[in-house]
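Visitor: Contents of entry05.cif (mmCIF, C-alpha atoms) are below:
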```
data_upload
#
loop_
_atom_site.label_atom_id
_atom_site.label_comp_id
_atom_site.auth_asym_id
_atom_site.auth_seq_id
_atom_site.Cartn_x
_atom_site.Cartn_y
_atom_site.Cartn_z
CA MET A 1 -25.08 2.04 129.36
CA SER A 2 -21.42 1.60 130.19
CA THR A 3 -20.75 -0.04 126.83
CA LYS A 4 -21.82 3.08 125.02
CA ILE A 5 -19.14 5.23 126.59
CA ASN A 6 -16.45 2.88 125.33
CA ALA A 7 -17.93 2.42 121.88
CA GLY A 8 -16.28 5.48 120.30
CA PRO A 9 -12.62 4.93 121.22
CA HIS A 10 -12.98 1.20 120.68
CA ALA A 11 -14.32 1.71 117.16
CA ALA A 12 -11.71 4.38 116.46
CA LEU A 13 -8.89 2.06 117.42
CA SER A 14 -10.23 -0.76 115.25
CA LEU A 15 -10.60 1.56 112.26
CA LEU A 16 -7.08 2.93 112.74
CA LYS A 17 -5.65 -0.59 112.95
CA ARG A 18 -7.53 -1.68 109.85
CA ASP A 19 -6.48 1.31 107.77
CA LEU A 20 -2.89 1.12 108.94
CA SER A 21 -2.63 -2.51 107.88
CA LEU A 22 -4.26 -1.62 104.55
CA SER A 23 -1.93 1.31 103.94
CA LEU A 24 1.06 -0.93 104.68
CA THR A 25 -0.03 -3.72 102.37
CA ARG A 26 -2.14 -2.60 99.47
CA GLY A 27 -0.81 -1.32 96.17
CA GLY A 28 2.85 -1.48 97.17
CA GLY A 29 2.08 0.51 100.33
CA PRO A 30 4.82 2.81 101.60
CA LEU A 31 7.43 1.28 99.30
CA LEU A 32 5.92 3.14 96.39
CA ALA A 33 6.25 6.57 98.02
CA VAL A 34 9.66 5.77 99.52
CA GLY A 35 10.94 4.53 96.17
CA PHE A 36 9.65 7.62 94.42
CA TYR A 37 11.24 9.87 97.04
CA LEU A 38 14.64 8.20 96.82
CA THR A 39 14.64 8.10 93.02
CA LEU A 40 13.75 11.77 92.85
CA MET A 41 16.57 12.59 95.27
CA ALA A 42 19.02 10.46 93.31
CA MET A 43 18.22 12.46 90.19
CA ILE A 44 19.15 15.78 91.77
CA PRO A 45 22.95 15.32 91.66
CA LEU A 46 22.57 13.96 88.14
CA SER A 47 20.73 17.05 86.96
CA LEU A 48 22.60 19.71 88.95
CA GLY A 49 26.10 18.27 88.71
CA SER A 50 28.12 16.76 91.48
CA ASP A 51 29.64 19.96 92.87
CA SER A 52 29.20 19.46 96.62
CA GLY A 53 29.04 23.21 97.29
CA THR A 54 26.00 23.65 95.07
CA LEU A 55 24.34 20.49 96.35
CA SER A 56 24.69 21.28 100.02
CA ARG A 57 23.26 24.75 99.38
CA VAL A 58 20.12 23.45 97.63
CA ALA A 59 19.74 20.22 99.62
CA PRO A 60 17.22 21.43 102.24
CA GLY A 61 14.95 23.17 99.76
CA LEU A 62 14.92 20.31 97.27
CA THR A 63 14.38 17.72 100.00
CA TRP A 64 11.24 19.54 101.08
CA LEU A 65 10.01 19.81 97.52
CA CYS A 66 10.50 16.07 97.01
CA LEU A 67 8.81 15.31 100.34
CA ALA A 68 5.78 17.29 99.21
CA LEU A 69 5.64 15.51 95.86
CA ALA A 70 6.11 12.05 97.38
CA SER A 71 3.28 12.79 99.83
CA LEU A 72 0.93 13.31 96.89
CA LEU A 73 1.36 9.80 95.53
CA SER A 74 -0.92 7.76 97.73
CA LEU A 75 -3.64 10.37 98.19
CA GLU A 76 -5.83 9.11 95.38
CA ARG A 77 -6.28 5.81 97.17
CA LEU A 78 -7.04 7.36 100.54
CA PHE A 79 -10.86 7.29 100.31
CA GLU A 80 -11.39 5.93 96.79
CA ARG A 81 -11.02 2.22 97.55
CA ASP A 82 -13.39 2.20 100.48
CA TYR A 83 -15.79 4.34 98.51
CA GLU A 84 -15.84 1.86 95.63
CA ASP A 85 -16.12 -1.14 97.95
CA GLY A 86 -19.09 0.42 99.74
CA LEU A 87 -17.32 0.33 103.07
CA PHE A 88 -18.61 3.75 104.02
CA ASP A 89 -22.07 2.18 104.37
CA ILE A 90 -20.77 0.31 107.39
CA LEU A 91 -18.62 3.12 108.72
CA ARG A 92 -21.55 5.55 108.77
CA LEU A 93 -23.68 3.14 110.79
CA GLY A 94 -21.03 2.96 113.50
CA PRO A 95 -20.43 5.26 116.46
CA LEU A 96 -17.95 7.64 114.81
CA PRO A 97 -18.92 10.87 113.05
CA MET A 98 -17.65 11.33 109.50
CA GLU A 99 -15.10 13.93 110.63
CA VAL A 100 -13.41 11.43 112.94
CA ILE A 101 -13.53 8.68 110.31
CA ALA A 102 -11.77 10.98 107.82
CA LEU A 103 -9.16 12.09 110.35
CA LEU A 104 -8.40 8.49 111.33
CA LYS A 105 -7.96 7.51 107.70
CA CYS A 106 -5.52 10.39 107.19
CA LEU A 107 -3.60 9.51 110.33
CA ALA A 108 -3.35 5.85 109.29
CA GLN A 109 -2.08 6.94 105.90
CA TRP A 110 0.41 9.27 107.56
CA LEU A 111 1.67 6.58 109.96
CA GLY A 112 2.03 4.15 107.05
CA THR A 113 3.63 6.46 104.51
CA GLY A 114 4.33 10.03 105.61
CA LEU A 115 6.17 9.05 108.75
CA MET A 116 8.51 6.79 106.77
CA LEU A 117 9.27 9.61 104.35
CA ALA A 118 9.95 11.87 107.33
CA VAL A 119 12.36 9.35 108.84
CA LEU A 120 14.22 9.14 105.54
CA THR A 121 14.49 12.92 105.19
CA PRO A 122 17.56 13.50 107.41
CA PHE A 123 19.46 10.74 105.62
CA VAL A 124 18.63 12.13 102.22
CA MET A 125 19.63 15.62 103.29
CA ILE A 126 22.93 14.40 104.68
CA ILE A 127 23.67 12.38 101.56
CA LEU A 128 23.16 15.57 99.54
CA GLY A 129 25.66 17.39 101.72
CA ALA A 130 23.81 18.94 104.67
CA PRO A 131 25.79 18.75 107.94
CA VAL A 132 25.17 15.72 110.17
CA ASP A 133 24.23 17.80 113.21
CA ALA A 134 21.17 19.09 111.30
CA ALA A 135 19.69 15.58 111.30
CA PHE A 136 17.57 15.92 114.44
CA ILE A 137 16.00 19.27 113.62
CA SER A 138 15.28 18.14 110.06
CA LEU A 139 13.57 15.01 111.36
CA ILE A 140 11.30 17.05 113.65
CA ALA A 141 10.51 19.45 110.82
CA ALA A 142 9.81 16.63 108.37
CA ILE A 143 7.45 14.90 110.82
CA LEU A 144 5.45 18.10 111.26
CA GLY A 145 5.53 18.81 107.55
CA SER A 146 4.42 15.34 106.47
CA LEU A 147 1.54 15.50 108.95
CA SER A 148 0.34 18.74 107.37
CA PHE A 149 0.77 17.22 103.91
CA ALA A 150 -1.27 14.15 104.90
CA ILE A 151 -4.22 16.10 106.26
CA ILE A 152 -4.30 18.83 103.62
CA GLY A 153 -3.96 16.04 101.07
CA GLY A 154 -6.92 14.31 102.69
CA ILE A 155 -9.05 17.39 102.03
CA GLY A 156 -8.08 17.24 98.36
CA ALA A 157 -8.79 13.50 98.22
CA SER A 158 -12.22 13.93 99.83
CA LEU A 159 -13.15 16.77 97.47
CA SER A 160 -12.25 14.78 94.37
CA LEU A 161 -13.97 11.60 95.59
CA GLY A 162 -16.15 10.03 92.93
CA THR A 163 -14.38 11.68 90.01
CA ARG A 164 -12.66 9.04 87.92
CA LYS A 165 -8.88 9.33 87.96
CA GLY A 166 -8.91 12.18 90.43
CA GLY A 167 -5.15 12.02 91.02
CA VAL A 168 -4.17 15.02 88.93
CA LEU A 169 -7.12 16.99 90.26
CA ILE A 170 -5.98 16.25 93.81
CA ALA A 171 -2.46 17.48 92.99
CA LEU A 172 -3.84 20.71 91.55
CA LEU A 173 -6.11 21.27 94.52
CA VAL A 174 -3.56 20.43 97.13
CA LEU A 175 -0.19 21.72 95.95
CA PRO A 176 -0.91 25.42 96.62
CA PHE A 177 -1.64 24.50 100.24
CA TYR A 178 1.62 22.56 100.43
CA VAL A 179 3.51 25.82 99.84
CA PRO A 180 3.52 27.13 103.45
CA PRO A 181 5.09 24.01 105.01
CA VAL A 182 7.64 23.90 102.19
CA ILE A 183 8.57 27.55 102.84
CA PHE A 184 8.72 27.12 106.62
CA GLY A 185 10.51 23.77 106.43
CA ALA A 186 13.14 24.82 103.92
CA GLY A 187 13.48 28.18 105.72
CA LEU A 188 13.99 26.37 109.00
CA MET A 189 16.88 24.38 107.56
CA GLN A 190 18.36 27.49 105.97
CA ALA A 191 18.17 29.30 109.29
CA TYR A 192 19.78 26.39 111.08
CA LEU A 193 22.63 26.19 108.58
CA THR A 194 23.34 29.91 108.77
CA GLY A 195 23.16 29.92 112.57
CA ALA A 196 20.02 32.06 112.81
CA PRO A 197 17.36 31.18 115.43
CA VAL A 198 15.04 28.40 114.28
CA VAL A 199 12.22 28.93 116.77
CA GLN A 200 10.18 31.13 114.49
CA ALA A 201 10.14 28.75 111.53
CA LEU A 202 9.55 25.77 113.79
CA SER A 203 6.56 27.44 115.46
CA LEU A 204 5.07 28.37 112.11
CA LEU A 205 5.49 24.78 110.93
CA THR A 206 3.84 23.49 114.11
CA ALA A 207 1.07 26.05 113.81
CA TYR A 208 0.32 24.95 110.27
CA ALA A 209 0.17 21.28 111.31
CA LEU A 210 -2.20 22.14 114.17
CA PHE A 211 -4.27 24.31 111.85
CA ALA A 212 -4.59 21.37 109.45
CA LEU A 213 -5.48 19.02 112.33
CA ALA A 214 -8.19 21.37 113.57
CA LEU A 215 -9.85 22.38 110.30
CA GLY A 216 -9.05 19.37 108.08
CA PRO A 217 -11.56 16.98 109.66
CA ILE A 218 -14.42 19.47 109.33
CA ALA A 219 -13.68 20.04 105.64
CA MET A 220 -13.19 16.35 104.93
CA GLY A 221 -16.35 15.39 106.80
CA ALA A 222 -18.43 17.83 104.76
CA ALA A 223 -16.85 16.77 101.46
CA LEU A 224 -17.31 13.06 102.19
CA LYS A 225 -20.93 13.51 103.22
CA SER A 226 -21.71 15.32 100.00
CA ALA A 227 -19.82 12.77 97.88
CA LEU A 228 -21.64 9.86 99.53
CA ASN A 229 -25.16 11.17 98.99
CA MET B 1 -39.62 -3.83 122.75
CA SER B 2 -42.01 -1.78 120.65
CA LEU B 3 -39.91 -0.04 118.10
CA SER B 4 -41.64 1.65 115.21
CA VAL B 5 -40.39 3.46 112.14
CA THR B 6 -42.61 6.02 110.47
CA LEU B 7 -42.28 7.54 107.02
CA ASP B 8 -44.43 10.63 107.00
CA ASN B 9 -45.34 11.86 103.53
CA ILE B 10 -41.82 11.61 102.18
CA SER B 11 -40.58 12.50 98.71
CA LEU B 12 -37.20 11.46 97.38
CA ARG B 13 -35.28 12.91 94.48
CA LYS B 14 -32.24 11.75 92.64
CA GLY B 15 -30.78 14.68 90.75
CA TYR B 16 -33.77 16.32 89.05
CA ASN B 17 -35.73 13.07 89.00
CA LEU B 18 -38.54 12.70 91.46
CA LEU B 19 -38.48 9.04 92.44
CA ILE B 20 -40.90 8.74 95.30
CA SER B 21 -43.70 11.13 96.06
CA ASN B 22 -45.76 11.40 99.24
CA LEU B 23 -45.06 7.95 100.60
CA ASN B 24 -46.51 7.06 103.99
CA LEU B 25 -45.47 3.95 105.82
CA GLU B 26 -45.64 2.77 109.39
CA VAL B 27 -43.53 -0.22 110.39
CA GLY B 28 -43.57 -1.79 113.83
CA SER B 29 -41.76 -4.55 115.70
CA GLY B 30 -42.05 -7.91 113.97
CA ASP B 31 -43.04 -6.40 110.62
CA ALA B 32 -41.45 -7.39 107.35
CA ILE B 33 -41.89 -5.09 104.37
CA SER B 34 -41.12 -6.09 100.78
CA LEU B 35 -40.45 -3.13 98.55
CA THR B 36 -41.24 -4.05 94.97
CA GLY B 37 -41.29 -2.11 91.72
CA GLN B 38 -39.46 -1.67 88.45
CA ASN B 39 -35.70 -1.15 88.21
CA GLY B 40 -34.88 2.46 88.92
CA VAL B 41 -38.12 3.19 90.72
CA GLY B 42 -36.27 4.19 93.89
CA LYS B 43 -36.12 1.10 96.12
CA THR B 44 -32.44 1.51 96.96
CA THR B 45 -32.82 5.26 97.36
CA LEU B 46 -35.67 4.71 99.81
CA LEU B 47 -33.63 2.21 101.86
CA ARG B 48 -30.67 4.61 101.96
CA ALA B 49 -32.93 7.44 103.07
CA ILE B 50 -34.33 5.32 105.90
CA ALA B 51 -30.76 4.44 106.88
CA GLY B 52 -30.18 8.16 107.32
CA PHE B 53 -27.50 8.48 104.62
CA PHE B 54 -29.33 11.58 103.36
CA SER B 55 -32.48 13.48 104.27
CA PRO B 56 -35.61 13.17 102.16
CA HIS B 57 -36.49 16.00 99.83
CA ALA B 58 -39.76 16.44 101.69
CA GLY B 59 -41.45 14.75 104.63
CA LYS B 60 -39.96 13.11 107.67
CA ILE B 61 -38.55 9.75 108.65
CA SER B 62 -38.75 9.09 112.37
CA ALA B 63 -38.44 6.25 114.83
CA SER B 64 -39.82 5.80 118.29
CA ASP B 65 -40.00 3.21 121.02
CA ALA B 66 -41.69 2.89 124.40
CA GLY B 67 -39.50 5.72 125.70
CA GLY B 68 -40.66 8.16 123.04
CA PRO B 69 -39.04 9.44 119.84
CA ILE B 70 -35.52 8.23 119.05
CA ASP B 71 -32.81 10.69 118.11
CA PRO B 72 -32.01 10.24 114.36
CA VAL B 73 -28.27 9.95 115.02
CA ARG B 74 -28.81 7.26 117.63
CA PHE B 75 -31.24 5.51 115.27
CA ARG B 76 -28.61 5.44 112.52
CA THR B 77 -25.59 4.54 114.62
CA GLU B 78 -27.10 1.98 116.99
CA LEU B 79 -30.30 0.50 115.62
CA ILE B 80 -29.82 0.02 111.88
CA HIS B 81 -28.16 -2.52 109.64
CA TYR B 82 -27.94 -1.72 105.93
CA LEU B 83 -26.96 -4.43 103.45
CA GLY B 84 -26.55 -2.87 100.03
CA HIS B 85 -25.61 -4.07 96.55
CA GLN B 86 -21.99 -3.69 97.47
CA ASP B 87 -20.81 -6.10 100.08
CA ALA B 88 -18.49 -3.62 101.84
CA LEU B 89 -15.51 -5.97 101.89
CA SER B 90 -11.96 -4.87 101.10
CA PRO B 91 -10.65 -7.18 98.39
CA THR B 92 -7.16 -7.60 99.85
CA ARG B 93 -8.21 -8.51 103.37
CA THR B 94 -9.30 -11.93 104.56
CA THR B 95 -12.86 -12.70 105.55
CA GLU B 96 -11.80 -13.13 109.15
CA GLN B 97 -10.02 -9.76 109.25
CA GLU B 98 -13.06 -8.04 107.81
CA LEU B 99 -15.55 -9.72 110.13
CA ARG B 100 -13.43 -9.06 113.20
CA PHE B 101 -13.07 -5.44 112.17
CA GLN B 102 -16.85 -5.14 111.77
CA ALA B 103 -17.37 -6.74 115.16
CA GLN B 104 -14.98 -4.32 116.86
CA TYR B 105 -16.17 -1.29 114.95
CA LEU B 106 -19.83 -2.00 115.71
CA ASN B 107 -18.94 -2.84 119.31
CA ALA B 108 -20.14 -6.44 119.26
CA ASN B 109 -18.91 -9.18 121.52
CA GLU B 110 -16.80 -12.19 120.60
CA ASN B 111 -19.58 -14.77 121.15
CA ASN B 112 -21.71 -13.18 118.45
CA TYR B 113 -18.83 -13.48 116.01
CA GLN B 114 -18.43 -17.20 116.73
CA PHE B 115 -22.18 -17.70 116.48
CA ALA B 116 -22.39 -15.92 113.12
CA VAL B 117 -19.52 -17.94 111.64
CA GLN B 118 -21.19 -21.15 112.78
CA TYR B 119 -24.71 -20.21 111.72
CA LEU B 120 -23.71 -19.18 108.21
CA ASN B 121 -21.04 -21.89 107.90
CA LEU B 122 -18.31 -19.37 107.13
CA SER B 123 -15.33 -21.19 108.62
CA PRO B 124 -14.06 -22.48 105.22
CA LEU B 125 -13.99 -18.87 104.00
CA LEU B 126 -12.26 -17.23 106.94
CA ASP B 127 -8.71 -17.47 105.61
CA LEU B 128 -9.55 -16.40 102.07
CA GLU B 129 -9.03 -12.89 100.81
CA THR B 130 -12.46 -11.49 100.03
CA ARG B 131 -11.54 -10.85 96.38
CA LEU B 132 -11.48 -14.65 95.92
CA LEU B 133 -15.07 -15.12 97.08
CA SER B 134 -18.00 -15.60 94.72
CA ALA B 135 -20.92 -13.18 94.77
CA GLY B 136 -23.00 -15.59 96.84
CA GLN B 137 -20.19 -16.18 99.32
CA LYS B 138 -19.68 -12.44 99.71
CA ARG B 139 -23.36 -12.02 100.45
CA ARG B 140 -23.16 -14.72 103.11
CA VAL B 141 -20.24 -12.88 104.67
CA SER B 142 -22.33 -9.70 104.63
CA PHE B 143 -25.17 -11.50 106.39
CA ALA B 144 -22.77 -12.25 109.23
CA ARG B 145 -22.86 -8.57 110.16
CA LEU B 146 -26.56 -8.89 111.01
CA LEU B 147 -25.76 -11.51 113.62
CA ILE B 148 -22.50 -10.02 114.87
CA ALA B 149 -24.00 -6.71 115.96
CA GLN B 150 -27.55 -7.07 117.18
CA ARG B 151 -29.63 -4.26 115.81
CA PRO B 152 -33.41 -4.27 115.42
CA VAL B 153 -33.89 -2.66 112.00
CA TRP B 154 -32.58 -4.50 108.94
CA LEU B 155 -32.59 -2.69 105.62
CA LEU B 156 -31.80 -5.26 102.94
CA ASP B 157 -31.28 -4.50 99.28
CA GLU B 158 -32.10 -7.62 97.25
CA PRO B 159 -30.66 -9.84 99.96
CA MET B 160 -31.40 -13.15 98.25
CA SER B 161 -30.33 -12.46 94.68
CA PRO B 162 -26.84 -14.08 94.55
CA LEU B 163 -27.62 -16.95 96.94
CA ASP B 164 -28.22 -20.59 96.01
CA ALA B 165 -31.32 -22.49 97.16
CA ASP B 166 -29.77 -23.85 100.37
CA GLN B 167 -28.38 -20.50 101.38
CA ARG B 168 -31.73 -18.85 100.67
CA ASP B 169 -33.25 -21.20 103.23
CA VAL B 170 -30.59 -20.25 105.77
CA ALA B 171 -31.13 -16.55 105.10
CA ALA B 172 -34.91 -16.93 105.31
CA ARG B 173 -34.62 -18.68 108.67
CA LEU B 174 -32.30 -15.93 109.86
CA MET B 175 -34.82 -13.26 108.90
CA GLN B 176 -37.77 -15.12 110.42
CA ASP B 177 -35.88 -15.52 113.71
CA HIS B 178 -35.20 -11.81 113.67
CA LEU B 179 -38.87 -11.01 113.12
CA SER B 180 -40.01 -13.32 115.90
CA ASP B 181 -37.52 -11.56 118.21
CA GLY B 182 -39.41 -8.33 117.47
CA GLY B 183 -37.10 -7.03 114.76
CA ILE B 184 -38.02 -5.04 111.67
CA ILE B 185 -37.07 -5.95 108.11
CA ILE B 186 -37.47 -3.69 105.12
CA ALA B 187 -36.21 -5.41 101.99
CA ALA B 188 -36.10 -4.40 98.35
CA VAL B 189 -36.94 -7.53 96.37
CA HIS B 190 -37.85 -8.77 92.92
CA ASP B 191 -38.63 -12.36 93.89
CA PRO B 192 -40.93 -12.49 96.92
CA LEU B 193 -39.35 -13.52 100.22
CA PRO B 194 -40.27 -17.07 101.30
CA PHE B 195 -42.36 -15.95 104.28
CA GLU B 196 -45.24 -13.61 104.85
CA THR B 197 -44.44 -9.95 104.29
CA ARG B 198 -46.32 -6.75 103.72
CA ILE B 199 -45.77 -5.70 100.11
CA VAL B 200 -45.25 -2.05 99.29
CA HIS B 201 -45.29 -1.58 95.56
CA LEU B 202 -43.47 1.53 94.38
CA THR B 203 -44.51 3.21 91.16
CA ARG B 204 -43.22 6.24 89.34
CA PRO B 205 -44.97 9.45 90.36
CA ASP B 206 -47.03 11.01 87.55
CA ILE B 207 -45.92 14.05 85.60
CA SER B 208 -47.87 16.64 87.62
CA ALA B 209 -46.15 15.53 90.83
CA GLN B 210 -42.81 15.83 89.04
CA GLU B 211 -43.61 19.38 88.08
CA VAL B 212 -44.65 20.32 91.59
CA ALA B 213 -41.33 18.96 92.87
CA LEU B 214 -39.36 20.98 90.35
CA VAL B 215 -41.21 24.18 91.27
CA ASP B 216 -40.27 23.54 94.89
#
```
As structure tokens, how would this structure be written, given the file I've shared?

Guide:
Amino acid sequence: MSTKINAGPHAALSLLKRDLSLSLTRGGGPLLAVGFYLTLMAMIPLSLGSDSGTLSRVAPGLTWLCLALASLLSLERLFERDYEDGLFDILRLGPLPMEVIALLKCLAQWLGTGLMLAVLTPFVMIILGAPVDAAFISLIAAILGSLSFAIIGGIGASLSLGTRKGGVLIALLVLPFYVPPVIFGAGLMQAYLTGAPVVQALSLLTAYALFALALGPIAMGAALKSALN
Amino acid sequence: MSLSVTLDNISLRKGYNLLISNLNLEVGSGDAISLTGQNGVGKTTLLRAIAGFFSPHAGKISASDAGGPIDPVRFRTELIHYLGHQDALSPTRTTEQELRFQAQYLNANENNYQFAVQYLNLSPLLDLETRLLSAGQKRRVSFARLLIAQRPVWLLDEPMSPLDADQRDVAARLMQDHLSDGGIIIAAVHDPLPFETRIVHLTRPDISAQEVALVD
């Protein structure tokens, strides 16, 4: 049965491709989150005043806060559409376990939306007054952070599946778990700007992303199975 | 091929409602079963239980072939097709995208895809987004899955209902071919299928059975 060995990765790749194209096209796709992110950032100088000293001091922290909020936007659609269309009936009859299906959906969402927000983060931070040489480290941190946000968000989305208008519920469920990456991420930037070593904050940020990657699929798989019964 | 599916004394609940009580059924290669009964009697629930989407409240659903019992996970992921009320199509994707995805996901080969498109005359629909299709067209697109990935057990939930007379003939031929190839069809129907089937009429369990289930 040589075909059987290939069935898993083959199916996984096709699901990832499908979800990525859906996350890029449907409902405004990444533009919605990117637009929200940029608008939120543009409001900061308007609300705090244009003093560049103040802005550059709060830039890293506020950028992380806005990244977390922008990551929330598309979560409601993550499983809801396929749930309503009945697509899970096909997915469950394929070779992939529910945990892998959920993880792939989160990763597709992250590649389509979270990664774009992460790429924008250094620019936004620099525009607000952070030094240019912090761009690289802030990009790395934002990539790790948005990955954690995507998977933790996926847990919230799977738990609220089947409740009508679960968006606010997802935000309530998920935001407390967005706190650690926000603390580590903003702390990392603060440490970098003050010249302190960044290794500690970066390792904690990485650890949280790996933690989400390891436990997220199990939680999402269980939540989806119970929602689909 | 001598596949058989056995329902051993199963009971199914939905919430606190007992839908099906102590049902026994043995289905073998080449058998077609029509599940009949009132709305809400549990036809869809029974099909979903056989598909392995959830375990029955009591009893056991098992499958076996010449090599002995089949692992339930393998049964679900390699041997079953389930066509439900919902046609499992994303509204913003084209028919072709959806069918090709299904073919890849279910590990089917390209020839089957071409054959299904030809057999069900889907080529005029391939470039359309699935939200533009009528209910009958969507059902035809769903039928394509049965041909794209060859699996012996077909669980069909009112397969004919949105189809016109011509398409019903096509679908009936498709099912008869499947049966003569040794396949199994279990279909929930209100109008009888246009070929010979074994009819299993589902009725509501009486009150005493309900009470026993609640005590459990």

Visitor: So that each row is one residue of chain A with an atom at most 10 Å from chain B, can you give its shortest atom pair and the distance in Å to one decimal, using all atoms listed in the file, rows by chain and rising number, as a Markdown table?

Guide:
```
| residue | atom | partner | partner_atom | distance |
| --- | --- | --- | --- | --- |
| A:Thr3 | CA | B:Asn107 | CA | 8.2 |
| A:Lys4 | CA | B:Asn107 | CA | 8.7 |
| A:Asn6 | CA | B:Asn107 | CA | 8.7 |
| A:Ala7 | CA | B:Asn107 | CA | 5.9 |
| A:Gly8 | CA | B:Tyr105 | CA | 8.6 |
| A:Pro9 | CA | B:Tyr105 | CA | 9.5 |
| A:His10 | CA | B:Gln104 | CA | 7.0 |
| A:Ala11 | CA | B:Tyr105 | CA | 4.2 |
| A:Ala12 | CA | B:Tyr105 | CA | 7.4 |
| A:Leu13 | CA | B:Tyr105 | CA | 8.4 |
| A:Ser14 | CA | B:Tyr105 | CA | 6.0 |
| A:Leu15 | CA | B:Tyr105 | CA | 6.8 |
| A:Lys17 | CA | B:Phe101 | CA | 8.9 |
| A:Arg18 | CA | B:Phe101 | CA | 7.1 |
| A:Ser21 | CA | B:Arg93 | CA | 9.4 |
| A:Leu22 | CA | B:Arg93 | CA | 8.0 |
| A:Thr25 | CA | B:Thr92 | CA | 8.5 |
| A:Arg26 | CA | B:Thr92 | CA | 7.1 |
| A:Gly27 | CA | B:Thr92 | CA | 9.7 |
| A:Arg81 | CA | B:Ser90 | CA | 8.0 |
| A:Asp82 | CA | B:Ser90 | CA | 7.2 |
| A:Tyr83 | CA | B:Ala88 | CA | 9.0 |
| A:Glu84 | CA | B:Gln86 | CA | 8.5 |
| A:Asp85 | CA | B:Ala88 | CA | 5.2 |
| A:Gly86 | CA | B:Ala88 | CA | 4.6 |
| A:Leu87 | CA | B:Ala88 | CA | 4.3 |
| A:Phe88 | CA | B:Ala88 | CA | 7.7 |
| A:Asp89 | CA | B:Tyr82 | CA | 7.2 |
| A:Ile90 | CA | B:Ala88 | CA | 7.2 |
| A:Leu91 | CA | B:Tyr105 | CA | 8.0 |
| A:Arg92 | CA | B:Thr77 | CA | 7.2 |
| A:Leu93 | CA | B:Thr77 | CA | 4.5 |
| A:Gly94 | CA | B:Thr77 | CA | 5.0 |
| A:Pro95 | CA | B:Thr77 | CA | 5.5 |
| A:Leu96 | CA | B:Thr77 | CA | 8.2 |
| A:Pro97 | CA | B:Thr77 | CA | 9.3 |
| A:Lys225 | CA | B:Phe53 | CA | 8.4 |
| A:Ser226 | CA | B:Phe54 | CA | 9.1 |
| A:Leu228 | CA | B:Phe53 | CA | 7.9 |
| A:Asn229 | CA | B:Phe54 | CA | 6.1 |
```

Visitor: What's the 8 Å shell around Leu19 (chain B), counting all atoms listed in the file, without same-chain residues fewer than 3 positions away, as a PyMOL selection string?

Guide: chain B and resi 11-14+41-42+204-205

Visitor: I'd like to see the residues matched by the PyMOL selection byres ((chain A and resi 39-48) around 12) on this file, and ideally I'd get them as a PyMOL selection string.

Guide: chain A and resi 31-38+49-70+120-121+123-129

Visitor: Evaluate the PyMOL selection byres ((chain B and resi 168) around 12) on the structure here and hand back the selected residues as a PyMOL selection string.

Guide: chain B and resi 120+136-137+139-140+143+158-167+169-175+191-195

Visitor: So which residues are close to (-1.1, 8.0, 107.3), meaning at most 12 Å away in the file's coordinates with all atoms listed in the file counted, and can you show them as an MDAnalysis selection string?

Guide: chainID A and resid 16:24 29:30 33 71:72 74:75 77:78 102:118 143 146:154

Visitor: Save out the residues we just selected, C-alpha atoms, as a tab-separated table (two decimals), in the frame of the given file.

Guide:
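And here's part-v9.tsv as it stands now:
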```tsv
chain	number	residue	atom	x	y	z
A	16	LEU	CA	-7.08	2.93	112.74
A	17	LYS	CA	-5.65	-0.59	112.95
A	18	ARG	CA	-7.53	-1.68	109.85
A	19	ASP	CA	-6.48	1.31	107.77
A	20	LEU	CA	-2.89	1.12	108.94
A	21	SER	CA	-2.63	-2.51	107.88
A	22	LEU	CA	-4.26	-1.62	104.55
A	23	SER	CA	-1.93	1.31	103.94
A	24	LEU	CA	1.06	-0.93	104.68
A	29	GLY	CA	2.08	0.51	100.33
A	30	PRO	CA	4.82	2.81	101.60
A	33	ALA	CA	6.25	6.57	98.02
A	71	SER	CA	3.28	12.79	99.83
A	72	LEU	CA	0.93	13.31	96.89
A	74	SER	CA	-0.92	7.76	97.73
A	75	LEU	CA	-3.64	10.37	98.19
A	77	ARG	CA	-6.28	5.81	97.17
A	78	LEU	CA	-7.04	7.36	100.54
A	102	ALA	CA	-11.77	10.98	107.82
A	103	LEU	CA	-9.16	12.09	110.35
A	104	LEU	CA	-8.40	8.49	111.33
A	105	LYS	CA	-7.96	7.51	107.70
A	106	CYS	CA	-5.52	10.39	107.19
A	107	LEU	CA	-3.60	9.51	110.33
A	108	ALA	CA	-3.35	5.85	109.29
A	109	GLN	CA	-2.08	6.94	105.90
A	110	TRP	CA	0.41	9.27	107.56
A	111	LEU	CA	1.67	6.58	109.96
A	112	GLY	CA	2.03	4.15	107.05
A	113	THR	CA	3.63	6.46	104.51
A	114	GLY	CA	4.33	10.03	105.61
A	115	LEU	CA	6.17	9.05	108.75
A	116	MET	CA	8.51	6.79	106.77
A	117	LEU	CA	9.27	9.61	104.35
A	118	ALA	CA	9.95	11.87	107.33
A	143	ILE	CA	7.45	14.90	110.82
A	146	SER	CA	4.42	15.34	106.47
A	147	LEU	CA	1.54	15.50	108.95
A	148	SER	CA	0.34	18.74	107.37
A	149	PHE	CA	0.77	17.22	103.91
A	150	ALA	CA	-1.27	14.15	104.90
A	151	ILE	CA	-4.22	16.10	106.26
A	152	ILE	CA	-4.30	18.83	103.62
A	153	GLY	CA	-3.96	16.04	101.07
A	154	GLY	CA	-6.92	14.31	102.69
```

Visitor: Would you mind listing what lies within 9 Å of Glu80 (chain A) as a PyMOL selection string, with all atoms listed in the file counted and same-chain residues fewer than 5 positions away left out?

Guide: chain A and resi 85+157-158+161-162
